[in-house]
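Structure data follow from query15.cif (mmCIF, C-alpha atoms and all ligand atoms):
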```cif
data_run
loop_
_atom_site.label_atom_id
_atom_site.label_comp_id
_atom_site.auth_asym_id
_atom_site.auth_seq_id
_atom_site.Cartn_x
_atom_site.Cartn_y
_atom_site.Cartn_z
CA MET A 11 -55.63 13.09 8.45
CA LYS A 12 -55.82 16.37 10.41
CA LEU A 13 -52.10 17.13 10.60
CA PHE A 14 -49.19 16.44 8.28
CA SER A 15 -46.04 17.68 9.97
CA SER A 16 -43.76 14.62 9.95
CA VAL A 17 -43.53 10.93 9.05
CA HIS A 18 -45.09 10.22 12.47
CA ASP A 19 -48.43 11.56 11.19
CA VAL A 20 -48.58 8.81 8.56
CA THR A 21 -49.83 5.34 9.53
CA ASP A 22 -48.57 3.58 6.38
CA ILE A 23 -45.90 5.32 4.31
CA ASN A 24 -45.95 2.63 1.60
CA ALA A 25 -49.69 3.12 1.11
CA LEU A 26 -49.20 6.91 0.89
CA VAL A 27 -46.45 6.48 -1.72
CA ALA A 28 -48.69 4.10 -3.68
CA ASP A 29 -51.48 6.70 -3.52
CA ALA A 30 -49.14 9.39 -4.86
CA LEU A 31 -48.07 7.17 -7.77
CA GLN A 32 -51.71 6.34 -8.49
CA LEU A 33 -52.56 10.06 -8.56
CA LYS A 34 -49.69 10.61 -10.99
CA GLN A 35 -51.44 8.20 -13.37
CA ASN A 36 -54.87 9.75 -12.89
CA PRO A 37 -54.58 13.31 -11.48
CA TYR A 38 -58.21 14.39 -11.82
CA ALA A 39 -60.03 11.31 -10.51
CA HIS A 40 -60.90 12.87 -7.14
CA GLN A 41 -62.06 16.37 -8.11
CA HIS A 42 -65.33 15.82 -6.21
CA LEU A 43 -63.37 15.77 -2.93
CA GLY A 44 -62.24 19.38 -3.25
CA LYS A 45 -65.46 20.88 -4.60
CA ASN A 46 -66.36 23.96 -2.52
CA ARG A 47 -63.27 23.43 -0.35
CA THR A 48 -60.49 26.00 0.02
CA ILE A 49 -56.85 25.66 1.02
CA GLY A 50 -54.82 28.61 2.29
CA LEU A 51 -51.08 28.45 1.64
CA VAL A 52 -49.25 30.75 4.05
CA PHE A 53 -45.58 31.51 3.49
CA LEU A 54 -43.35 33.18 6.04
CA ASN A 55 -40.37 32.41 3.76
CA PRO A 56 -39.69 32.19 -0.01
CA SER A 57 -40.69 29.17 -2.11
CA LEU A 58 -40.93 28.07 -5.73
CA ARG A 59 -41.55 24.31 -5.69
CA THR A 60 -43.63 23.99 -2.54
CA ARG A 61 -45.88 26.85 -3.47
CA MET A 62 -46.50 25.79 -7.09
CA SER A 63 -46.69 22.03 -6.53
CA THR A 64 -49.10 22.31 -3.59
CA GLN A 65 -51.25 24.78 -5.51
CA LYS A 66 -51.30 22.41 -8.51
CA ALA A 67 -52.13 19.45 -6.24
CA ALA A 68 -55.06 21.33 -4.71
CA LEU A 69 -56.36 22.41 -8.14
CA ASN A 70 -56.13 18.79 -9.36
CA LEU A 71 -58.38 17.85 -6.44
CA GLY A 72 -60.93 20.52 -7.40
CA MET A 73 -60.06 22.88 -4.52
CA ASN A 74 -59.92 26.66 -4.44
CA VAL A 75 -56.52 28.02 -3.44
CA MET A 76 -55.54 31.19 -1.59
CA VAL A 77 -51.85 32.06 -1.25
CA LEU A 78 -50.58 34.57 1.29
CA ASN A 79 -46.91 35.55 1.37
CA ILE A 80 -47.45 36.83 4.86
CA ASP A 81 -43.85 37.95 5.32
CA LYS A 82 -44.25 40.43 2.41
CA GLU A 83 -47.99 41.02 2.02
CA GLY A 84 -49.42 40.55 5.52
CA TRP A 85 -49.25 42.59 8.69
CA ALA A 86 -45.99 42.09 10.60
CA LEU A 87 -46.73 39.14 12.88
CA GLU A 88 -46.02 39.00 16.61
CA LEU A 89 -45.14 35.46 17.66
CA LYS A 90 -44.41 35.86 21.38
CA ASP A 91 -47.13 35.34 23.96
CA GLY A 92 -47.39 38.20 26.41
CA ALA A 93 -45.60 40.65 24.11
CA VAL A 94 -46.30 44.36 24.55
CA MET A 95 -46.78 45.19 20.88
CA ASN A 96 -45.34 48.67 20.90
CA GLY A 97 -42.65 47.88 18.31
CA THR A 98 -42.84 46.86 14.64
CA THR A 99 -45.28 43.94 14.91
CA VAL A 100 -48.92 44.75 14.11
CA GLU A 101 -50.90 41.52 14.49
CA HIS A 102 -50.50 38.60 16.89
CA ILE A 103 -50.30 35.10 15.44
CA ARG A 104 -53.22 34.10 17.72
CA GLU A 105 -55.68 36.32 15.83
CA ALA A 106 -53.99 35.93 12.43
CA ALA A 107 -54.11 32.11 12.48
CA ALA A 108 -57.62 32.00 13.94
CA VAL A 109 -58.95 34.40 11.28
CA MET A 110 -57.34 32.42 8.46
CA GLY A 111 -59.09 29.34 9.81
CA GLN A 112 -62.41 31.14 9.25
CA TYR A 113 -61.72 31.46 5.52
CA VAL A 114 -60.29 28.06 4.57
CA ASP A 115 -60.79 24.34 5.18
CA ILE A 116 -57.09 23.43 5.27
CA ILE A 117 -54.03 25.58 5.96
CA GLY A 118 -50.49 24.99 4.68
CA VAL A 119 -47.72 26.80 6.55
CA ARG A 120 -44.07 27.42 5.71
CA SER A 121 -41.84 28.74 8.46
CA PHE A 122 -38.04 28.49 8.58
CA PRO A 123 -35.91 28.29 11.74
CA GLY A 124 -34.11 31.37 13.04
CA LEU A 125 -30.99 29.18 13.56
CA LYS A 126 -30.18 31.23 16.67
CA ASN A 127 -32.12 29.50 19.44
CA ARG A 128 -32.14 25.72 19.03
CA GLU A 129 -34.75 25.10 21.66
CA GLU A 130 -37.17 27.55 20.06
CA ASP A 131 -36.60 26.08 16.59
CA TYR A 132 -36.78 22.43 17.69
CA ASN A 133 -39.96 23.14 19.68
CA GLU A 134 -41.48 24.30 16.36
CA GLU A 135 -42.89 27.39 18.06
CA ILE A 136 -44.18 29.14 14.92
CA PHE A 137 -45.64 26.06 13.20
CA ASN A 138 -47.28 24.82 16.40
CA LYS A 139 -48.91 28.19 17.02
CA PHE A 140 -50.63 27.94 13.63
CA VAL A 141 -51.74 24.39 14.50
CA ASN A 142 -53.03 25.49 17.90
CA TYR A 143 -54.90 28.62 16.82
CA CYS A 144 -56.25 28.04 13.29
CA ALA A 145 -58.76 25.26 14.20
CA VAL A 146 -58.54 23.57 10.77
CA PRO A 147 -56.25 20.77 9.49
CA VAL A 148 -52.66 21.90 8.86
CA VAL A 149 -50.09 20.66 6.38
CA SER A 150 -46.44 21.60 6.80
CA LEU A 151 -44.94 23.32 3.78
CA GLU A 152 -41.58 23.07 5.64
CA SER A 153 -41.10 23.97 9.27
CA ALA A 154 -38.07 24.74 11.40
CA THR A 155 -37.00 21.10 11.68
CA ARG A 156 -38.78 19.14 8.93
CA HIS A 157 -39.91 19.22 5.29
CA PRO A 158 -42.29 16.26 5.07
CA LEU A 159 -43.85 17.01 1.65
CA GLN A 160 -40.32 17.09 0.21
CA SER A 161 -39.40 13.81 1.93
CA LEU A 162 -42.57 12.10 0.72
CA ALA A 163 -41.79 13.25 -2.85
CA ASP A 164 -38.25 11.91 -2.39
CA LEU A 165 -39.55 8.52 -1.30
CA VAL A 166 -42.03 8.50 -4.21
CA THR A 167 -39.09 9.20 -6.56
CA ILE A 168 -36.91 6.44 -5.09
CA THR A 169 -39.81 3.95 -5.21
CA GLU A 170 -40.56 4.88 -8.80
CA LEU A 171 -36.96 4.68 -10.08
CA LYS A 172 -35.37 1.92 -8.00
CA THR A 173 -34.12 -1.16 -9.85
CA LYS A 174 -33.84 -3.46 -6.83
CA PRO A 175 -36.17 -4.14 -3.88
CA ARG A 176 -33.90 -2.53 -1.24
CA PRO A 177 -31.71 0.17 -2.82
CA LYS A 178 -28.73 1.79 -1.09
CA VAL A 179 -29.57 5.45 -0.40
CA VAL A 180 -26.89 7.90 0.76
CA LEU A 181 -27.53 11.35 2.20
CA THR A 182 -24.32 13.31 1.78
CA TRP A 183 -23.47 16.74 3.17
CA ALA A 184 -22.32 19.37 0.64
CA PRO A 185 -20.63 22.76 1.05
CA HIS A 186 -22.47 26.09 1.14
CA ILE A 187 -21.63 29.68 1.99
CA LYS A 188 -24.69 30.31 4.18
CA PRO A 189 -25.89 28.48 7.29
CA LEU A 190 -28.87 26.41 6.10
CA PRO A 191 -31.57 24.70 8.20
CA GLN A 192 -31.42 21.02 9.13
CA ALA A 193 -35.07 20.56 8.11
CA VAL A 194 -34.51 18.76 4.79
CA PRO A 195 -31.82 16.33 6.02
CA ASN A 196 -33.66 15.69 9.31
CA SER A 197 -36.85 14.93 7.45
CA PHE A 198 -35.21 12.86 4.70
CA ALA A 199 -33.42 10.83 7.39
CA GLU A 200 -36.55 10.06 9.39
CA TRP A 201 -38.47 9.02 6.26
CA MET A 202 -35.60 6.85 4.98
CA CYS A 203 -35.25 5.20 8.40
CA LYS A 204 -38.87 4.04 8.02
CA ALA A 205 -38.58 3.06 4.34
CA ASP A 206 -37.36 -0.22 2.89
CA VAL A 207 -33.91 1.09 1.92
CA ASP A 208 -30.31 0.60 3.07
CA PHE A 209 -29.67 4.12 4.38
CA THR A 210 -26.32 5.83 5.05
CA ILE A 211 -25.57 9.43 6.08
CA ALA A 212 -22.14 10.91 5.27
CA HIS A 213 -20.94 14.22 6.62
CA PRO A 214 -17.78 15.89 7.91
CA LYS A 215 -17.12 15.72 11.65
CA GLY A 216 -19.20 18.33 13.47
CA TYR A 217 -22.28 18.11 11.24
CA GLU A 218 -24.03 15.36 13.23
CA LEU A 219 -27.81 15.66 12.98
CA SER A 220 -30.01 15.18 16.03
CA THR A 221 -30.27 11.45 16.78
CA ASP A 222 -34.05 11.94 17.03
CA PHE A 223 -34.05 11.80 13.21
CA THR A 224 -31.24 9.38 12.38
CA ASN A 225 -32.02 6.33 14.50
CA GLY A 226 -31.42 3.28 12.28
CA ALA A 227 -29.11 4.97 9.76
CA THR A 228 -25.46 4.08 9.17
CA ILE A 229 -23.46 7.27 9.80
CA THR A 230 -19.92 7.90 8.52
CA HIS A 231 -17.45 10.75 8.03
CA ASN A 232 -15.96 8.98 5.03
CA GLN A 233 -17.83 10.09 1.90
CA ASP A 234 -16.08 7.61 -0.44
CA GLU A 235 -16.96 4.71 1.84
CA ALA A 236 -20.60 5.85 1.91
CA LEU A 237 -20.85 6.33 -1.86
CA LYS A 238 -19.58 2.82 -2.67
CA ASP A 239 -22.35 0.91 -4.51
CA ALA A 240 -24.92 3.64 -3.79
CA ASP A 241 -28.08 3.53 -5.93
CA PHE A 242 -29.36 6.98 -4.92
CA ILE A 243 -27.36 9.93 -3.57
CA TYR A 244 -29.20 12.75 -1.84
CA VAL A 245 -26.99 15.85 -1.78
CA LYS A 246 -27.73 18.57 0.78
CA ASN A 247 -25.96 21.16 2.86
CA TRP A 248 -26.91 21.79 6.46
CA SER A 249 -25.47 23.89 9.26
CA ALA A 250 -24.23 22.38 12.53
CA TYR A 251 -26.64 21.20 15.21
CA GLU A 252 -23.92 21.86 17.78
CA PRO A 253 -22.77 24.69 17.80
CA TYR A 254 -26.26 25.41 16.57
CA GLY A 255 -26.69 27.01 13.14
CA LYS A 256 -22.96 27.49 12.52
CA ILE A 257 -20.80 26.78 9.47
CA LEU A 258 -17.64 24.90 10.45
CA PRO A 259 -14.22 25.27 8.69
CA SER A 260 -14.37 24.70 4.92
CA ASN A 261 -14.93 21.27 3.41
CA GLU A 262 -14.85 22.03 -0.31
CA ASP A 263 -13.85 18.48 -1.26
CA TRP A 264 -17.32 17.24 -0.21
CA MET A 265 -18.90 18.52 -3.45
CA LEU A 266 -20.09 15.57 -5.55
CA THR A 267 -18.31 15.15 -8.91
CA ASN A 268 -18.48 12.67 -11.80
CA GLU A 269 -15.23 11.15 -10.52
CA LYS A 270 -16.90 10.36 -7.18
CA LEU A 271 -19.89 8.87 -9.02
CA GLN A 272 -17.59 6.19 -10.44
CA ILE A 273 -17.60 4.28 -7.13
CA THR A 274 -21.41 4.19 -6.97
CA ASN A 275 -23.80 1.83 -8.70
CA ALA A 276 -24.41 4.48 -11.39
CA ALA A 277 -26.29 6.32 -8.64
CA LYS A 278 -29.13 8.65 -9.38
CA VAL A 279 -28.46 12.06 -7.84
CA MET A 280 -31.14 13.89 -5.90
CA HIS A 281 -31.40 17.38 -4.38
CA CYS A 282 -34.49 19.16 -3.05
CA LEU A 283 -33.57 22.41 -4.90
CA PRO A 284 -32.84 25.29 -5.02
CA VAL A 285 -29.18 24.32 -5.49
CA ARG A 286 -26.12 26.54 -5.79
CA ARG A 287 -24.24 25.23 -8.81
CA ASN A 288 -20.54 24.46 -8.43
CA LEU A 289 -20.77 25.00 -4.68
CA GLU A 290 -23.25 22.35 -3.49
CA LEU A 291 -23.39 20.35 -6.74
CA SER A 292 -21.21 20.54 -9.85
CA ASP A 293 -22.47 21.53 -13.31
CA GLU A 294 -21.27 18.18 -14.62
CA ILE A 295 -23.55 16.31 -12.22
CA LEU A 296 -26.58 18.58 -12.60
CA ASN A 297 -26.30 18.58 -16.42
CA GLY A 298 -25.47 14.88 -16.57
CA ARG A 299 -27.60 11.78 -17.04
CA ASN A 300 -27.48 10.74 -13.36
CA SER A 301 -29.27 13.85 -12.11
CA ILE A 302 -32.96 13.33 -11.33
CA VAL A 303 -33.51 16.64 -9.53
CA VAL A 304 -36.16 17.95 -11.94
CA HIS A 305 -38.04 14.64 -11.97
CA GLU A 306 -37.91 14.71 -8.15
CA ALA A 307 -39.33 18.26 -8.08
CA GLY A 308 -42.10 17.12 -10.44
CA ASN A 309 -43.10 14.46 -7.93
CA ARG A 310 -43.78 17.19 -5.37
CA VAL A 311 -47.23 17.54 -6.97
CA TRP A 312 -48.19 13.89 -6.37
CA ALA A 313 -46.84 13.87 -2.83
CA ALA A 314 -48.86 16.99 -1.95
CA GLN A 315 -51.93 15.62 -3.73
CA ALA A 316 -51.80 12.33 -1.79
CA VAL A 317 -51.64 14.24 1.51
CA LEU A 318 -54.37 16.75 0.61
CA LYS A 319 -56.61 13.90 -0.59
CA LYS A 320 -56.23 12.22 2.82
CA MET A 321 -57.08 15.49 4.56
CA LEU A 322 -60.13 16.13 2.38
CA GLU A 323 -61.38 12.60 3.08
CA SER A 324 -61.29 13.35 6.81
CA LEU A 325 -63.18 16.68 6.67
N1 LIG B 1 -37.54 22.13 -2.24
C1 LIG B 1 -38.31 23.18 -1.89
O1 LIG B 1 -39.02 23.15 -0.87
O2 LIG B 1 -38.26 24.22 -2.75
P1 LIG B 1 -38.90 25.65 -2.47
O3 LIG B 1 -38.17 26.23 -1.29
O4 LIG B 1 -38.68 26.43 -3.74
O5 LIG B 1 -40.35 25.47 -2.15
#
```
Show the structure stored in the file as structure tokens.
Amino acid sequence: MKLFSSVHDVTDINALVADALQLKQNPYAHQHLGKNRTIGLVFLNPSLRTRMSTQKAALNLGMNVMVLNIDKEGWALELKDGAVMNGTTVEHIREAAAVMGQYVDIIGVRSFPGLKNREEDYNEEIFNKFVNYCAVPVVSLESATRHPLQSLADLVTITELKTKPRPKVVLTWAPHIKPLPQAVPNSFAEWMCKADVDFTIAHPKGYELSTDFTNGATITHNQDEALKDADFIYVKNWSAYEPYGKILPSNEDWMLTNEKLQITNAAKVMHCLPVRRNLELSDEILNGRNSIVVHEAGNRVWAAQAVLKKMLESL
């Protein structure tokens, strides 16, 4: 595997999930693969889980790890081709990415969308420039439109905890005070549409995701209808795709509560984290027995390790 940017880079998602669960049982079995190999983790945006879990995954595989918070510690990057760099930017992404590729065997990149220009974000301009210029395999640590390591960890978690062969999985929109990217819901949707689950997306009118990611899902504006008999509920806020990056008039009653859980099949509640308590998800849910958010975050290690193992095997 030379690129991990979406579910489309994976030939067999069930095999990858099985690999991740195998690695969870035996984390250090493949240390020989990473000997004398280095991964560079480059962050243009903040991270707790992705940074630590990917670093841990690489260490489990015997790799060396370099982390660069390029937004804070690096030279200010110019992203536009043809720019006259007489402003605040100091280094062009062409040289920066190419130089990083000289120091490492694999690069991980995190870049968020600007949420201003949909075409620019959905063309993945920043992530693709790293892919084009670094000349080594690239793993997405979340890009403008997708978060595939998160989605793989989510599928690992569902596979591990399901109590029936084809569980009902519901992605439900939740309120927030800031416009958030569509990357996590887009990515979760496209992975669930390929997984052996009964998948429903519930959101208020106006928060439709791009159909490029939701083909095969049942989509409803009625949260109660969606939650009925759900086995897993994935809670997430996202801003509108049209008008792009906007928050629409308030929908406070979309926050999941214990009362709403009553209509589910004692659903397990998921969230990628970080989560704003009592805005996106209530204390009673997060502190309650149905929440599996920490377990889910723990599985980020095994998802990342399964992907890095595949990349190391192809070097
Ligand atoms: N879920 C997730 O990607 O968390 P971080 O932003 O902390 O990495």
Subject >> Nearby polymer residues, ligand LIG 1 (chain B), at most 10 Å, all atoms listed in the file, as a ChimeraX atom specification >> reply: /A:53,55-64,120,151-152,157-161,163,194,281-285,303,306-307,310
Original post:
Got a sec: who's within 7 Å of region 318-324 of chain A, counting only C-alpha atoms, leaving out chain neighbours fewer than 4 positions off, as a ChimeraX atom specification?
Top reply: /A:11-12,43-44,314
Up to 6 Å from (-33.7, 27.9, 9.7) in the file's coordinates: name the residues, counting all atoms listed in the file, as a PDB file with C-alpha atoms, keeping the file's coordinate frame.
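Listed below is the output, part-v5.pdb:
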```
ATOM      1  CA  PHE A 122     -38.040  28.490   8.580  1.00  0.00           C
ATOM      2  CA  PRO A 123     -35.910  28.290  11.740  1.00  0.00           C
ATOM      3  CA  GLY A 124     -34.110  31.370  13.040  1.00  0.00           C
ATOM      4  CA  LEU A 125     -30.990  29.180  13.560  1.00  0.00           C
ATOM      5  CA  ALA A 154     -38.070  24.740  11.400  1.00  0.00           C
ATOM      6  CA  PRO A 191     -31.570  24.700   8.200  1.00  0.00           C
TER       7      PRO A 191
END
```
Subject >> Among the residues A:Asp234, A:Asp115, A:Asp29, A:Asp293, the one that comes closest to Val146 (chain A) [using all atoms listed in the file] >> reply: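 Among A:Asp234, A:Asp115, A:Asp29, A:Asp293, it is A:Asp115 that comes nearest to Val146 (chain A).
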**OP:** Calculate how many Å separate CA of Val317 (chain A) from CA of Lys178 (chain A), rounding to one decimal.
**Re:**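 Straight-line distance from CA of Val317 (chain A) to CA of Lys178 (chain A) works out to 26.2 Å.
Neighbours of region 270-275 of chain A closer than or equal to 8 Å, with only C-alpha atoms counted and sequence neighbours fewer than 6 positions away skipped, come out as Asp234, Leu237, Lys238, Asp239, Ala240 and Asp241 of chain A.
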Original post:
What lies within 10 Å of Pro195 (chain A) using only C-alpha atoms, ignoring chain neighbours under 2 positions off, as number ranges by chain?
Top reply: A: 155-157, 161, 181-183, 191-193, 197-201, 211, 219, 223-224, 244-248, 282
**OP:** Point out the residue among A:Ile243, A:Ala236, A:Ser260, A:Thr169 with the least atom-to-atom distance to Ile23 (chain A), counting all atoms listed in the file.
**Re:** A:Thr169
Original post:
Given the choices A:Leu51, A:Ile302, A:Ala106, A:Ile229, which gets closest to Val75 (chain A) if the distance is worked out from only C-alpha atoms?
Top reply: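 The answer is A:Leu51, which sits nearest to Val75 (chain A).
One finds CA of Val149 (chain A) at 4.7 Å from CA of Phe14 (chain A).
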**OP:** Could you check how far CA of Leu71 (chain A) sits from CA of Ile136 (chain A), in Å to one decimal?
**Re:** 28.0 Å
Subject >> Residue among A:Lys172, A:His186, A:Lys45, A:Lys82 lying closest to Arg287 (chain A), counting all atoms listed in the file >> reply: A:His186
**OP:** Determine the nearest neighbour of Leu296 (chain A) from the options A:Ser121, A:Asn268, A:Asn127, A:Asn133, counting only C-alpha atoms.
**Re:**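 Checking each of A:Ser121, A:Asn268, A:Asn127, A:Asn133 against Leu296 (chain A), counting only C-alpha atoms, the winner is A:Asn268.
The shortest atom-to-atom distance to Tyr113 (chain A), with all atoms listed in the file taken into account, belongs to A:Cys144 out of A:Met265, A:Val179, A:Cys144, A:Val27.
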Original post:
Could you pull the residues within 12 Å of Asn288 (chain A), counting all atoms listed in the file, minus those fewer than 4 positions along the same chain, as a list of chain:residue names?
Top reply: A:Ala184, A:Pro185, A:His186, A:Ile187, A:Glu262, A:Asp263, A:Trp264, A:Met265, A:Leu266, A:Thr267, A:Ser292, A:Asp293, A:Glu294, A:Ile295, A:Leu296, A:Asn297
**OP:** Find the residues with any atom within 8 Å of (-51.1, 34.2, 16.7); use only C-alpha atoms and the coordinates as given in the file, and write the answer as a VMD selection string.
**Re:** chain A and resid 87 to 89 101 to 108 139 to 140 143
Original post:
Near Thr210 (chain A), counting only C-alpha atoms, which residues have an atom at most 6 Å away, once you skip same-chain residues fewer than 4 positions from it, shown as a PyMOL selection string?
Top reply: chain A and resi 180+227-229
Output C-alpha atoms for every residue in that selection, as an mmCIF file, keeping the file's coordinate frame.
```cif
data_model
loop_
_atom_site.group_PDB
_atom_site.id
_atom_site.type_symbol
_atom_site.label_atom_id
_atom_site.label_comp_id
_atom_site.auth_asym_id
_atom_site.auth_seq_id
_atom_site.Cartn_x
_atom_site.Cartn_y
_atom_site.Cartn_z
ATOM 1 C CA VAL A 180 -26.890 7.900 0.760
ATOM 2 C CA ALA A 227 -29.110 4.970 9.760
ATOM 3 C CA THR A 228 -25.460 4.080 9.170
ATOM 4 C CA ILE A 229 -23.460 7.270 9.800
#
```
